[in-house]
Amino acid sequence: MQSRFGVSECAKVLPYVPGEQPQDKAYIKLNTNESPYPPSPKAIAAVTEQQIRDLRLYSDPESKILREAIAQACGVGIGQVVVGNGSDEVLACLFRAFCGAERPLFFPDVTYGFYKVLADLFRIPYRQIAVKDDFGIDVKDYAGCKGTVVLANPNAQTGRGLALSDIEALVAQDRDRIVIVDEAYVDFGGQSALPLVAQYDNLVVVRTFSKSRSLAGARVGFCIAQPLVAADVMAIKDSINPYNINRLSMLAAAASIADTDYFEQTRNAVIRTREQTAQALLALGFDVIPSQANFLLVRPPRITAKAFYLALKDRGVLVRYFSDPRIADRVRVSIGSEQEMQVFLNQTKALLEEEGQ
Ligand SMILES: *Cc1c(COP(=O)(O)O)cnc(C)c1O
């Protein structure tokens with residue numbers, strides 16, 4: 001319910017519901033796709049006591065250190081990089097810049113819930129395109145969609161990825177339409193669309209430090225596009241929050257993206273653990289969607305997804321349950337450390353055995 005001062009255009013905005021972060025006891029947290037590993041030691045070392053003292057000063061509104069580090073890592077010019085307070089802020093700037101009455105928004109019916117929230121908030125007309133029964137996306141379904149398209153690749157909630165050739169077909173379908181590819185999970189086995197940016201001015205690639213860089217709490221994301229398109233996004237960012245990246249996160253993220261060895265080590269560990277977990281769940285009778293992300297969307301045998309989620313929570317393991325009809329028979333399990341996944345599997349086995357009696 002709104003207060004009596006709330007404006008009517010906000011009355012119907014349903015805010016994004018983040019995964020629970022309960023403080024009542026120590027859970028094994030497999031519900032918000034965080035990394036089980038700490039940030040790069042270089043990111044930790046970058047945040048010195050002097051940097052904390054320097055918090056009296058504003059941060060660099062151009063985020064030069066960070067944008068240079070990203071540009072170098074991605075092989076693009078600094079003018080092609082826009083950074084945000086999490087990729088959620090980047091998405092907000094992109095939607096503000098490239099969507100509206102004259103450019104409606106199109107996205108899959110199973111995907112990141114924040115797209116719909118942002119569209120409602122900005123009063124952007126939108127249409128959701130149904131994913132296939134196997135949760136795959138057929139880019140041909142977007143052929144007549146005039147406006148702006150946003151896709152997560154690999155897709156949120158399902159973990160299914162599209163090949164680079166499919167993304168290129170989507171981008172080439174209509175050169176007068178912006179395609180935003182949200183690559184939050186691409187480092188866990190997806191194919192990045194970055195190599196296409198040089199060729200297509202209607203492509204924007206969005207990335208985050210929250211998942212594969214273990215910096216969810218630092219709130220840093222970015223997008224890459226051709227310079228004119230990036231400048232449009234920058235103009236929105238400068239109109240909303242010019243100092244959007246704080247001093248500490250700026251340095252931690254810049255050091256993190258330069259540390260390739262640590263990145264490779266931790267993302268490969270997540271991929272390995274995901275495959276082991278998928279095998280173990282299949283053996284227990286789960287339906288498992290093949291994932292290229294740091295989570296698995298699975299359907300438990302003999303028990304509803306909601307009951308499974310609640311029983312696991314009782315046993316100290318948090319997974320994510322979504323009530324959206326298309327995935328309400330499944331839970332999403334983030335990939336934790338090997339030990340955490342062992343606990344998850346042991347508890348799962350125990351509660352399914354109880355169920356069978
Ligand atoms: C986690 C996630 C984000 C948000 O990431 P932040 O950078 O933490 O704001 C964006 N898109 C998708 C698909 C995600 O899963």
# chains A, B, ... in the order shown; residues from 1 in each chain; ligands from 1
$ residues_near_ligand --ligand "ligand 1" --cutoff "9 Å" --atoms "only C-alpha atoms and all ligand atoms" --output "ChimeraX atom specification"
/A:32-34,84-91,111-115,151-157,182-185,206-211,215-222
$ write_last_selection --atoms "C-alpha atoms" --output "CSV table (one decimal), in the first residue's frame"
chain,number,residue,atom,x,y,z
A,32,THR,CA,21.5,-15.6,-5.0
A,33,ASN,CA,24.3,-16.9,-7.4
A,34,GLU,CA,27.1,-15.4,-5.4
A,84,GLY,CA,27.4,1.2,-13.1
A,85,ASN,CA,26.6,0.6,-9.5
A,86,GLY,CA,26.0,-3.1,-10.3
A,87,SER,CA,24.8,-4.1,-13.8
A,88,ASP,CA,21.3,-3.4,-12.5
A,89,GLU,CA,22.1,0.3,-12.7
A,90,VAL,CA,23.6,-0.1,-16.2
A,91,LEU,CA,20.4,-1.8,-17.3
A,111,THR,CA,14.4,-14.6,-17.6
A,112,TYR,CA,15.8,-12.1,-15.1
A,113,GLY,CA,12.9,-10.6,-13.2
A,114,PHE,CA,14.4,-7.1,-13.0
A,115,TYR,CA,13.7,-6.4,-16.7
A,151,LEU,CA,18.3,-11.2,-23.5
A,152,ALA,CA,20.3,-12.7,-20.7
A,153,ASN,CA,22.9,-15.0,-22.3
A,154,PRO,CA,23.3,-17.6,-20.6
A,155,ASN,CA,19.7,-17.0,-19.6
A,156,ALA,CA,18.8,-16.2,-16.0
A,157,GLN,CA,16.9,-18.9,-14.1
A,182,ASP,CA,23.2,-9.3,-20.5
A,183,GLU,CA,26.2,-11.5,-19.9
A,184,ALA,CA,26.1,-11.8,-16.2
A,185,TYR,CA,26.8,-15.5,-16.4
A,206,VAL,CA,26.3,-6.0,-20.3
A,207,ARG,CA,28.6,-7.6,-17.7
A,208,THR,CA,29.0,-7.7,-14.0
A,209,PHE,CA,31.6,-8.2,-11.3
A,210,SER,CA,29.0,-9.8,-9.0
A,211,LYS,CA,29.2,-13.4,-10.1
A,215,LEU,CA,32.4,-8.8,-5.9
A,216,ALA,CA,28.6,-8.8,-5.6
A,217,GLY,CA,28.8,-6.5,-2.5
A,218,ALA,CA,31.0,-4.0,-4.3
A,219,ARG,CA,28.2,-3.3,-6.8
A,220,VAL,CA,30.1,-2.9,-10.1
A,221,GLY,CA,28.8,-3.7,-13.6
A,222,PHE,CA,29.5,-2.3,-17.0
$ select_by_dssp --residues "range 139-203 of chain A" --states "alpha helix (DSSP H)" --output "VMD selection string"
chain A and resid 164 to 173
$ write_last_selection --atoms "all heavy atoms" --output "PDB file, in the first residue's frame"
ATOM      1  N   LEU A 164      26.949 -17.967 -30.352  1.00  0.00           N
ATOM      2  CA  LEU A 164      27.283 -16.652 -30.910  1.00  0.00           C
ATOM      3  C   LEU A 164      26.577 -16.431 -32.249  1.00  0.00           C
ATOM      4  O   LEU A 164      26.121 -15.324 -32.553  1.00  0.00           O
ATOM      5  CB  LEU A 164      28.804 -16.548 -31.076  1.00  0.00           C
ATOM      6  CG  LEU A 164      29.363 -15.205 -31.534  1.00  0.00           C
ATOM      7  CD1 LEU A 164      28.945 -14.081 -30.598  1.00  0.00           C
ATOM      8  CD2 LEU A 164      30.882 -15.267 -31.639  1.00  0.00           C
ATOM      9  N   SER A 165      26.434 -17.497 -33.024  1.00  0.00           N
ATOM     10  CA  SER A 165      25.771 -17.364 -34.328  1.00  0.00           C
ATOM     11  C   SER A 165      24.306 -16.959 -34.159  1.00  0.00           C
ATOM     12  O   SER A 165      23.759 -16.200 -34.970  1.00  0.00           O
ATOM     13  CB  SER A 165      25.876 -18.675 -35.116  1.00  0.00           C
ATOM     14  OG  SER A 165      25.403 -19.744 -34.327  1.00  0.00           O
ATOM     15  N   ASP A 166      23.654 -17.452 -33.099  1.00  0.00           N
ATOM     16  CA  ASP A 166      22.261 -17.056 -32.828  1.00  0.00           C
ATOM     17  C   ASP A 166      22.180 -15.591 -32.418  1.00  0.00           C
ATOM     18  O   ASP A 166      21.284 -14.863 -32.847  1.00  0.00           O
ATOM     19  CB  ASP A 166      21.657 -17.932 -31.719  1.00  0.00           C
ATOM     20  CG  ASP A 166      21.341 -19.341 -32.203  1.00  0.00           C
ATOM     21  OD1 ASP A 166      20.850 -19.464 -33.339  1.00  0.00           O
ATOM     22  OD2 ASP A 166      21.606 -20.298 -31.462  1.00  0.00           O
ATOM     23  N   ILE A 167      23.111 -15.177 -31.570  1.00  0.00           N
ATOM     24  CA  ILE A 167      23.119 -13.768 -31.144  1.00  0.00           C
ATOM     25  C   ILE A 167      23.359 -12.880 -32.364  1.00  0.00           C
ATOM     26  O   ILE A 167      22.686 -11.865 -32.552  1.00  0.00           O
ATOM     27  CB  ILE A 167      24.209 -13.519 -30.073  1.00  0.00           C
ATOM     28  CG1 ILE A 167      23.905 -14.306 -28.798  1.00  0.00           C
ATOM     29  CG2 ILE A 167      24.346 -12.032 -29.781  1.00  0.00           C
ATOM     30  CD1 ILE A 167      22.699 -13.828 -28.016  1.00  0.00           C
ATOM     31  N   GLU A 168      24.274 -13.286 -33.231  1.00  0.00           N
ATOM     32  CA  GLU A 168      24.549 -12.472 -34.416  1.00  0.00           C
ATOM     33  C   GLU A 168      23.307 -12.402 -35.306  1.00  0.00           C
ATOM     34  O   GLU A 168      22.964 -11.336 -35.827  1.00  0.00           O
ATOM     35  CB  GLU A 168      25.752 -12.991 -35.210  1.00  0.00           C
ATOM     36  CG  GLU A 168      25.999 -12.115 -36.441  1.00  0.00           C
ATOM     37  CD  GLU A 168      27.390 -12.211 -37.021  1.00  0.00           C
ATOM     38  OE1 GLU A 168      28.101 -13.203 -36.747  1.00  0.00           O
ATOM     39  OE2 GLU A 168      27.767 -11.280 -37.772  1.00  0.00           O
ATOM     40  N   ALA A 169      22.620 -13.535 -35.462  1.00  0.00           N
ATOM     41  CA  ALA A 169      21.396 -13.540 -36.272  1.00  0.00           C
ATOM     42  C   ALA A 169      20.365 -12.572 -35.683  1.00  0.00           C
ATOM     43  O   ALA A 169      19.704 -11.825 -36.412  1.00  0.00           O
ATOM     44  CB  ALA A 169      20.817 -14.954 -36.336  1.00  0.00           C
ATOM     45  N   LEU A 170      20.255 -12.551 -34.371  1.00  0.00           N
ATOM     46  CA  LEU A 170      19.302 -11.657 -33.698  1.00  0.00           C
ATOM     47  C   LEU A 170      19.667 -10.184 -33.921  1.00  0.00           C
ATOM     48  O   LEU A 170      18.807  -9.352 -34.199  1.00  0.00           O
ATOM     49  CB  LEU A 170      19.299 -11.977 -32.197  1.00  0.00           C
ATOM     50  CG  LEU A 170      18.389 -11.135 -31.318  1.00  0.00           C
ATOM     51  CD1 LEU A 170      16.922 -11.456 -31.594  1.00  0.00           C
ATOM     52  CD2 LEU A 170      18.694 -11.374 -29.833  1.00  0.00           C
ATOM     53  N   VAL A 171      20.953  -9.894 -33.809  1.00  0.00           N
ATOM     54  CA  VAL A 171      21.420  -8.512 -33.961  1.00  0.00           C
ATOM     55  C   VAL A 171      21.272  -8.061 -35.414  1.00  0.00           C
ATOM     56  O   VAL A 171      20.903  -6.916 -35.696  1.00  0.00           O
ATOM     57  CB  VAL A 171      22.885  -8.385 -33.479  1.00  0.00           C
ATOM     58  CG1 VAL A 171      23.433  -6.994 -33.756  1.00  0.00           C
ATOM     59  CG2 VAL A 171      22.982  -8.705 -31.990  1.00  0.00           C
ATOM     60  N   ALA A 172      21.523  -8.996 -36.346  1.00  0.00           N
ATOM     61  CA  ALA A 172      21.479  -8.666 -37.773  1.00  0.00           C
ATOM     62  C   ALA A 172      20.043  -8.608 -38.317  1.00  0.00           C
ATOM     63  O   ALA A 172      19.803  -8.017 -39.364  1.00  0.00           O
ATOM     64  CB  ALA A 172      22.291  -9.690 -38.568  1.00  0.00           C
ATOM     65  N   GLN A 173      19.097  -9.206 -37.569  1.00  0.00           N
ATOM     66  CA  GLN A 173      17.689  -9.250 -37.983  1.00  0.00           C
ATOM     67  C   GLN A 173      17.139  -7.870 -38.315  1.00  0.00           C
ATOM     68  O   GLN A 173      16.343  -7.696 -39.231  1.00  0.00           O
ATOM     69  CB  GLN A 173      16.862  -9.788 -36.803  1.00  0.00           C
ATOM     70  CG  GLN A 173      16.030 -10.989 -37.071  1.00  0.00           C
ATOM     71  CD  GLN A 173      15.522 -11.568 -35.739  1.00  0.00           C
ATOM     72  OE1 GLN A 173      15.171 -10.828 -34.818  1.00  0.00           O
ATOM     73  NE2 GLN A 173      15.496 -12.886 -35.655  1.00  0.00           N
TER      74      GLN A 173
END
$ residues_around --residues "Val76 in chain A" --least-positions-apart "3" --cutoff "10 Å" --atoms "only C-alpha atoms" --output "NGL selection string"
:A and (68 or 70-73 or 79-81 or 194-195 or 197-198 or 224-227)
$ write_last_selection --atoms "N, CA, C and O atoms" --output "CSV table (one decimal), in the first residue's frame"
chain,number,residue,atom,x,y,z
A,68,GLU,N,39.5,2.1,-17.8
A,68,GLU,CA,40.7,1.7,-18.6
A,68,GLU,C,41.0,0.2,-18.4
A,68,GLU,O,41.4,-0.5,-19.4
A,70,ILE,N,38.9,-2.2,-17.7
A,70,ILE,CA,37.9,-3.0,-18.4
A,70,ILE,C,38.2,-2.9,-19.9
A,70,ILE,O,38.2,-4.0,-20.6
A,71,ALA,N,38.5,-1.7,-20.4
A,71,ALA,CA,38.8,-1.6,-21.9
A,71,ALA,C,39.9,-2.5,-22.3
A,71,ALA,O,39.9,-3.2,-23.3
A,72,GLN,N,41.0,-2.5,-21.5
A,72,GLN,CA,42.1,-3.3,-21.8
A,72,GLN,C,41.8,-4.8,-21.8
A,72,GLN,O,42.1,-5.5,-22.7
A,73,ALA,N,41.1,-5.2,-20.7
A,73,ALA,CA,40.7,-6.6,-20.6
A,73,ALA,C,39.8,-7.1,-21.8
A,73,ALA,O,39.9,-8.2,-22.2
A,79,GLY,N,36.2,4.8,-24.4
A,79,GLY,CA,35.0,5.4,-24.8
A,79,GLY,C,33.8,4.5,-25.1
A,79,GLY,O,32.7,4.9,-25.3
A,80,GLN,N,34.1,3.2,-25.1
A,80,GLN,CA,33.1,2.2,-25.3
A,80,GLN,C,32.6,1.6,-24.0
A,80,GLN,O,31.7,0.7,-24.1
A,81,VAL,N,33.1,2.0,-22.9
A,81,VAL,CA,32.8,1.4,-21.6
A,81,VAL,C,32.0,2.3,-20.7
A,81,VAL,O,32.5,3.4,-20.5
A,194,LEU,N,30.9,-10.0,-27.3
A,194,LEU,CA,31.8,-8.9,-27.4
A,194,LEU,C,32.5,-8.8,-28.8
A,194,LEU,O,32.6,-7.6,-29.3
A,195,PRO,N,32.9,-9.9,-29.4
A,195,PRO,CA,33.6,-9.7,-30.7
A,195,PRO,C,32.7,-9.1,-31.8
A,195,PRO,O,33.2,-8.7,-32.8
A,197,VAL,N,30.7,-6.4,-31.3
A,197,VAL,CA,30.4,-5.0,-31.1
A,197,VAL,C,31.1,-4.1,-32.1
A,197,VAL,O,30.5,-3.1,-32.6
A,198,ALA,N,32.3,-4.5,-32.6
A,198,ALA,CA,33.0,-3.6,-33.6
A,198,ALA,C,32.2,-3.5,-34.9
A,198,ALA,O,32.2,-2.5,-35.6
A,224,ILE,N,29.4,-2.5,-22.8
A,224,ILE,CA,30.3,-2.2,-23.9
A,224,ILE,C,29.5,-2.0,-25.2
A,224,ILE,O,28.6,-2.9,-25.5
A,225,ALA,N,29.7,-0.9,-25.9
A,225,ALA,CA,29.0,-0.7,-27.1
A,225,ALA,C,29.9,0.2,-28.0
A,225,ALA,O,31.0,0.6,-27.5
A,226,GLN,N,29.4,0.5,-29.2
A,226,GLN,CA,30.2,1.5,-30.0
A,226,GLN,C,30.1,2.9,-29.3
A,226,GLN,O,29.2,3.2,-28.5
A,227,PRO,N,31.1,3.7,-29.6
A,227,PRO,CA,31.3,5.0,-28.8
A,227,PRO,C,30.0,5.9,-28.7
A,227,PRO,O,29.7,6.4,-27.7
$ atom_distance --atom1 "CA of Glu338 in chain A" --atom2 "CA of Thr304 in chain A"
25.7 Å
$ closest_residue --among "A:Pro300, A:Gly336, A:Gly316, A:Pro104" --to "Ala26 in chain A" --atoms "only C-alpha atoms"
A:Gly316
$ residues_around --residues "Phe95 in chain A" --least-positions-apart "6" --cutoff "12 Å" --atoms "only C-alpha atoms" --output "PDB file with N, CA and C atoms, in the first residue's frame"
ATOM      1  N   ASP A  88      22.715  -3.821 -12.609  1.00  0.00           N
ATOM      2  CA  ASP A  88      21.323  -3.361 -12.497  1.00  0.00           C
ATOM      3  C   ASP A  88      21.218  -1.868 -12.834  1.00  0.00           C
ATOM      4  N   GLU A  89      22.175  -1.082 -12.367  1.00  0.00           N
ATOM      5  CA  GLU A  89      22.142   0.349 -12.696  1.00  0.00           C
ATOM      6  C   GLU A  89      22.433   0.582 -14.183  1.00  0.00           C
ATOM      7  N   ALA A 101       7.908   4.808 -25.276  1.00  0.00           N
ATOM      8  CA  ALA A 101       6.714   4.627 -26.107  1.00  0.00           C
ATOM      9  C   ALA A 101       7.087   4.328 -27.562  1.00  0.00           C
ATOM     10  N   ARG A 103       9.895   3.012 -28.612  1.00  0.00           N
ATOM     11  CA  ARG A 103      10.711   1.795 -28.695  1.00  0.00           C
ATOM     12  C   ARG A 103      10.332   0.844 -27.574  1.00  0.00           C
ATOM     13  N   PRO A 104       9.277   0.032 -27.767  1.00  0.00           N
ATOM     14  CA  PRO A 104       8.889  -0.924 -26.733  1.00  0.00           C
ATOM     15  C   PRO A 104       9.969  -1.977 -26.521  1.00  0.00           C
ATOM     16  N   LEU A 105       9.843  -2.704 -25.425  1.00  0.00           N
ATOM     17  CA  LEU A 105      10.878  -3.656 -25.023  1.00  0.00           C
ATOM     18  C   LEU A 105      10.371  -5.091 -25.185  1.00  0.00           C
ATOM     19  N   PHE A 106      11.243  -5.970 -25.643  1.00  0.00           N
ATOM     20  CA  PHE A 106      10.914  -7.388 -25.825  1.00  0.00           C
ATOM     21  C   PHE A 106      11.922  -8.236 -25.065  1.00  0.00           C
ATOM     22  N   PHE A 114      14.188  -8.549 -13.126  1.00  0.00           N
ATOM     23  CA  PHE A 114      14.392  -7.109 -13.019  1.00  0.00           C
ATOM     24  C   PHE A 114      14.003  -6.356 -14.302  1.00  0.00           C
ATOM     25  N   TYR A 115      14.026  -7.045 -15.448  1.00  0.00           N
ATOM     26  CA  TYR A 115      13.683  -6.356 -16.710  1.00  0.00           C
ATOM     27  C   TYR A 115      12.255  -5.813 -16.655  1.00  0.00           C
ATOM     28  N   LYS A 116      11.362  -6.656 -16.147  1.00  0.00           N
ATOM     29  CA  LYS A 116       9.949  -6.279 -16.068  1.00  0.00           C
ATOM     30  C   LYS A 116       9.744  -5.150 -15.053  1.00  0.00           C
ATOM     31  N   VAL A 117      10.469  -5.244 -13.945  1.00  0.00           N
ATOM     32  CA  VAL A 117      10.355  -4.216 -12.902  1.00  0.00           C
ATOM     33  C   VAL A 117      10.776  -2.856 -13.466  1.00  0.00           C
ATOM     34  N   LEU A 118      11.904  -2.836 -14.145  1.00  0.00           N
ATOM     35  CA  LEU A 118      12.408  -1.581 -14.730  1.00  0.00           C
ATOM     36  C   LEU A 118      11.439  -1.040 -15.771  1.00  0.00           C
ATOM     37  N   ALA A 119      10.908  -1.944 -16.599  1.00  0.00           N
ATOM     38  CA  ALA A 119       9.968  -1.517 -17.643  1.00  0.00           C
ATOM     39  C   ALA A 119       8.735  -0.878 -16.992  1.00  0.00           C
ATOM     40  N   ASP A 120       8.226  -1.491 -15.922  1.00  0.00           N
ATOM     41  CA  ASP A 120       7.071  -0.916 -15.212  1.00  0.00           C
ATOM     42  C   ASP A 120       7.424   0.444 -14.620  1.00  0.00           C
ATOM     43  N   LEU A 121       8.586   0.511 -13.989  1.00  0.00           N
ATOM     44  CA  LEU A 121       8.991   1.756 -13.326  1.00  0.00           C
ATOM     45  C   LEU A 121       9.096   2.903 -14.333  1.00  0.00           C
ATOM     46  N   PHE A 122       9.697   2.620 -15.485  1.00  0.00           N
ATOM     47  CA  PHE A 122       9.888   3.658 -16.506  1.00  0.00           C
ATOM     48  C   PHE A 122       8.704   3.769 -17.466  1.00  0.00           C
ATOM     49  N   ARG A 123       7.658   3.002 -17.181  1.00  0.00           N
ATOM     50  CA  ARG A 123       6.475   2.969 -18.031  1.00  0.00           C
ATOM     51  C   ARG A 123       6.825   2.690 -19.499  1.00  0.00           C
ATOM     52  N   ILE A 124       7.642   1.662 -19.668  1.00  0.00           N
ATOM     53  CA  ILE A 124       8.029   1.213 -21.009  1.00  0.00           C
ATOM     54  C   ILE A 124       7.071   0.098 -21.418  1.00  0.00           C
ATOM     55  N   PRO A 125       6.406   0.230 -22.555  1.00  0.00           N
ATOM     56  CA  PRO A 125       5.571  -0.888 -23.007  1.00  0.00           C
ATOM     57  C   PRO A 125       6.466  -2.094 -23.318  1.00  0.00           C
ATOM     58  N   TYR A 126       6.017  -3.286 -22.927  1.00  0.00           N
ATOM     59  CA  TYR A 126       6.861  -4.454 -23.190  1.00  0.00           C
ATOM     60  C   TYR A 126       6.021  -5.669 -23.534  1.00  0.00           C
ATOM     61  N   GLY A 147      11.550  -2.380 -31.748  1.00  0.00           N
ATOM     62  CA  GLY A 147      11.758  -1.646 -30.494  1.00  0.00           C
ATOM     63  C   GLY A 147      13.142  -1.932 -29.977  1.00  0.00           C
ATOM     64  N   THR A 148      13.218  -2.568 -28.808  1.00  0.00           N
ATOM     65  CA  THR A 148      14.494  -2.934 -28.201  1.00  0.00           C
ATOM     66  C   THR A 148      14.343  -4.338 -27.629  1.00  0.00           C
ATOM     67  N   VAL A 149      15.414  -5.147 -27.756  1.00  0.00           N
ATOM     68  CA  VAL A 149      15.376  -6.514 -27.219  1.00  0.00           C
ATOM     69  C   VAL A 149      16.407  -6.620 -26.098  1.00  0.00           C
ATOM     70  N   VAL A 150      16.025  -7.252 -24.995  1.00  0.00           N
ATOM     71  CA  VAL A 150      17.019  -7.590 -23.967  1.00  0.00           C
ATOM     72  C   VAL A 150      16.964  -9.082 -23.691  1.00  0.00           C
ATOM     73  N   ILE A 178      18.071  -1.848 -31.105  1.00  0.00           N
ATOM     74  CA  ILE A 178      19.151  -2.182 -30.158  1.00  0.00           C
ATOM     75  C   ILE A 178      18.871  -3.560 -29.545  1.00  0.00           C
ATOM     76  N   VAL A 179      19.910  -4.386 -29.471  1.00  0.00           N
ATOM     77  CA  VAL A 179      19.841  -5.653 -28.742  1.00  0.00           C
ATOM     78  C   VAL A 179      20.798  -5.556 -27.554  1.00  0.00           C
ATOM     79  N   ILE A 180      20.252  -5.704 -26.359  1.00  0.00           N
ATOM     80  CA  ILE A 180      21.055  -5.689 -25.137  1.00  0.00           C
ATOM     81  C   ILE A 180      21.280  -7.138 -24.728  1.00  0.00           C
ATOM     82  N   VAL A 204      24.629  -3.997 -27.549  1.00  0.00           N
ATOM     83  CA  VAL A 204      25.209  -3.579 -26.267  1.00  0.00           C
ATOM     84  C   VAL A 204      25.413  -4.832 -25.420  1.00  0.00           C
ATOM     85  N   ASP A 232      25.489   7.806 -25.196  1.00  0.00           N
ATOM     86  CA  ASP A 232      24.076   7.962 -24.804  1.00  0.00           C
ATOM     87  C   ASP A 232      23.842   7.413 -23.396  1.00  0.00           C
ATOM     88  N   VAL A 233      24.449   6.277 -23.115  1.00  0.00           N
ATOM     89  CA  VAL A 233      24.266   5.627 -21.815  1.00  0.00           C
ATOM     90  C   VAL A 233      24.953   6.466 -20.727  1.00  0.00           C
ATOM     91  N   ILE A 236      22.917   9.375 -19.568  1.00  0.00           N
ATOM     92  CA  ILE A 236      21.880   9.015 -18.596  1.00  0.00           C
ATOM     93  C   ILE A 236      22.502   8.829 -17.212  1.00  0.00           C
ATOM     94  N   LYS A 237      23.597   8.103 -17.174  1.00  0.00           N
ATOM     95  CA  LYS A 237      24.298   7.873 -15.896  1.00  0.00           C
ATOM     96  C   LYS A 237      24.662   9.215 -15.255  1.00  0.00           C
TER      97      LYS A 237
END
$ closest_atom_pairs --of "range 134-196 of chain A" --to "range 269-278 of chain A" --cutoff "10 Å" --atoms "only C-alpha atoms" --output "Markdown table"
| residue | atom | partner | partner_atom | distance |
| --- | --- | --- | --- | --- |
| A:Asp187 | CA | A:Ile271 | CA | 9.4 |
| A:Phe188 | CA | A:Ile271 | CA | 6.1 |
| A:Gly189 | CA | A:Ile271 | CA | 7.6 |
$ write_last_selection --atoms "all heavy atoms" --output "short mmCIF file (atom, residue, chain, number, x, y, z; two decimals), in the first residue's frame"
data_model
loop_
_atom_site.label_atom_id
_atom_site.label_comp_id
_atom_site.auth_asym_id
_atom_site.auth_seq_id
_atom_site.Cartn_x
_atom_site.Cartn_y
_atom_site.Cartn_z
N ASP A 187 30.87 -16.05 -18.09
CA ASP A 187 32.18 -16.61 -17.75
C ASP A 187 32.12 -18.06 -17.30
O ASP A 187 33.15 -18.70 -17.12
CB ASP A 187 32.84 -15.77 -16.65
CG ASP A 187 33.15 -14.36 -17.12
OD1 ASP A 187 33.53 -14.21 -18.29
OD2 ASP A 187 33.02 -13.42 -16.32
N PHE A 188 30.91 -18.59 -17.11
CA PHE A 188 30.79 -19.98 -16.66
C PHE A 188 30.49 -20.94 -17.81
O PHE A 188 29.96 -22.03 -17.60
CB PHE A 188 29.71 -20.09 -15.58
CG PHE A 188 29.98 -19.20 -14.39
CD1 PHE A 188 29.24 -18.05 -14.20
CD2 PHE A 188 30.99 -19.50 -13.50
CE1 PHE A 188 29.48 -17.22 -13.11
CE2 PHE A 188 31.25 -18.67 -12.41
CZ PHE A 188 30.50 -17.53 -12.22
N GLY A 189 30.82 -20.53 -19.02
CA GLY A 189 30.69 -21.47 -20.13
C GLY A 189 29.89 -20.94 -21.31
O GLY A 189 29.64 -21.68 -22.27
#
$ residues_around --residues "range 287-299 of chain A" --least-positions-apart "4" --cutoff "6 Å" --atoms "only C-alpha atoms" --output "list of chain:residue names"
A:Thr158, A:Gly159, A:Arg160, A:Tyr185, A:Phe188, A:Gly189, A:Gly190, A:Arg330, A:Val331, A:Arg332, A:Val333, A:Ser334, A:Ile335
$ write_last_selection --atoms "N, CA and C atoms" --output "PDB file, in the first residue's frame"
ATOM      1  N   THR A 158      17.381 -20.281 -16.081  1.00  0.00           N
ATOM      2  CA  THR A 158      17.498 -21.578 -16.753  1.00  0.00           C
ATOM      3  C   THR A 158      18.949 -22.010 -16.927  1.00  0.00           C
ATOM      4  N   GLY A 159      19.869 -21.069 -17.122  1.00  0.00           N
ATOM      5  CA  GLY A 159      21.270 -21.404 -17.372  1.00  0.00           C
ATOM      6  C   GLY A 159      21.560 -21.784 -18.811  1.00  0.00           C
ATOM      7  N   ARG A 160      20.520 -21.780 -19.648  1.00  0.00           N
ATOM      8  CA  ARG A 160      20.726 -22.154 -21.049  1.00  0.00           C
ATOM      9  C   ARG A 160      21.364 -21.007 -21.823  1.00  0.00           C
ATOM     10  N   TYR A 185      26.370 -14.168 -16.655  1.00  0.00           N
ATOM     11  CA  TYR A 185      26.847 -15.529 -16.378  1.00  0.00           C
ATOM     12  C   TYR A 185      27.790 -16.078 -17.446  1.00  0.00           C
ATOM     13  N   PHE A 188      30.906 -18.591 -17.108  1.00  0.00           N
ATOM     14  CA  PHE A 188      30.791 -19.982 -16.656  1.00  0.00           C
ATOM     15  C   PHE A 188      30.493 -20.938 -17.811  1.00  0.00           C
ATOM     16  N   GLY A 189      30.823 -20.532 -19.015  1.00  0.00           N
ATOM     17  CA  GLY A 189      30.686 -21.466 -20.132  1.00  0.00           C
ATOM     18  C   GLY A 189      29.893 -20.942 -21.306  1.00  0.00           C
ATOM     19  N   GLY A 190      29.485 -19.689 -21.274  1.00  0.00           N
ATOM     20  CA  GLY A 190      28.744 -19.113 -22.393  1.00  0.00           C
ATOM     21  C   GLY A 190      29.680 -18.564 -23.464  1.00  0.00           C
ATOM     22  N   ARG A 330      10.279 -26.138 -10.160  1.00  0.00           N
ATOM     23  CA  ARG A 330      11.734 -26.274 -10.060  1.00  0.00           C
ATOM     24  C   ARG A 330      12.299 -25.355  -8.987  1.00  0.00           C
ATOM     25  N   VAL A 331      13.526 -25.636  -8.563  1.00  0.00           N
ATOM     26  CA  VAL A 331      14.256 -24.684  -7.728  1.00  0.00           C
ATOM     27  C   VAL A 331      15.573 -24.365  -8.432  1.00  0.00           C
ATOM     28  N   ARG A 332      16.084 -23.195  -8.118  1.00  0.00           N
ATOM     29  CA  ARG A 332      17.381 -22.794  -8.658  1.00  0.00           C
ATOM     30  C   ARG A 332      18.429 -22.920  -7.560  1.00  0.00           C
ATOM     31  N   VAL A 333      19.473 -23.682  -7.869  1.00  0.00           N
ATOM     32  CA  VAL A 333      20.514 -23.954  -6.882  1.00  0.00           C
ATOM     33  C   VAL A 333      21.814 -23.305  -7.358  1.00  0.00           C
ATOM     34  N   SER A 334      22.296 -22.314  -6.624  1.00  0.00           N
ATOM     35  CA  SER A 334      23.582 -21.699  -6.968  1.00  0.00           C
ATOM     36  C   SER A 334      24.700 -22.683  -6.668  1.00  0.00           C
ATOM     37  N   ILE A 335      25.789 -22.586  -7.435  1.00  0.00           N
ATOM     38  CA  ILE A 335      26.924 -23.484  -7.207  1.00  0.00           C
ATOM     39  C   ILE A 335      27.836 -22.877  -6.144  1.00  0.00           C
TER      40      ILE A 335
END
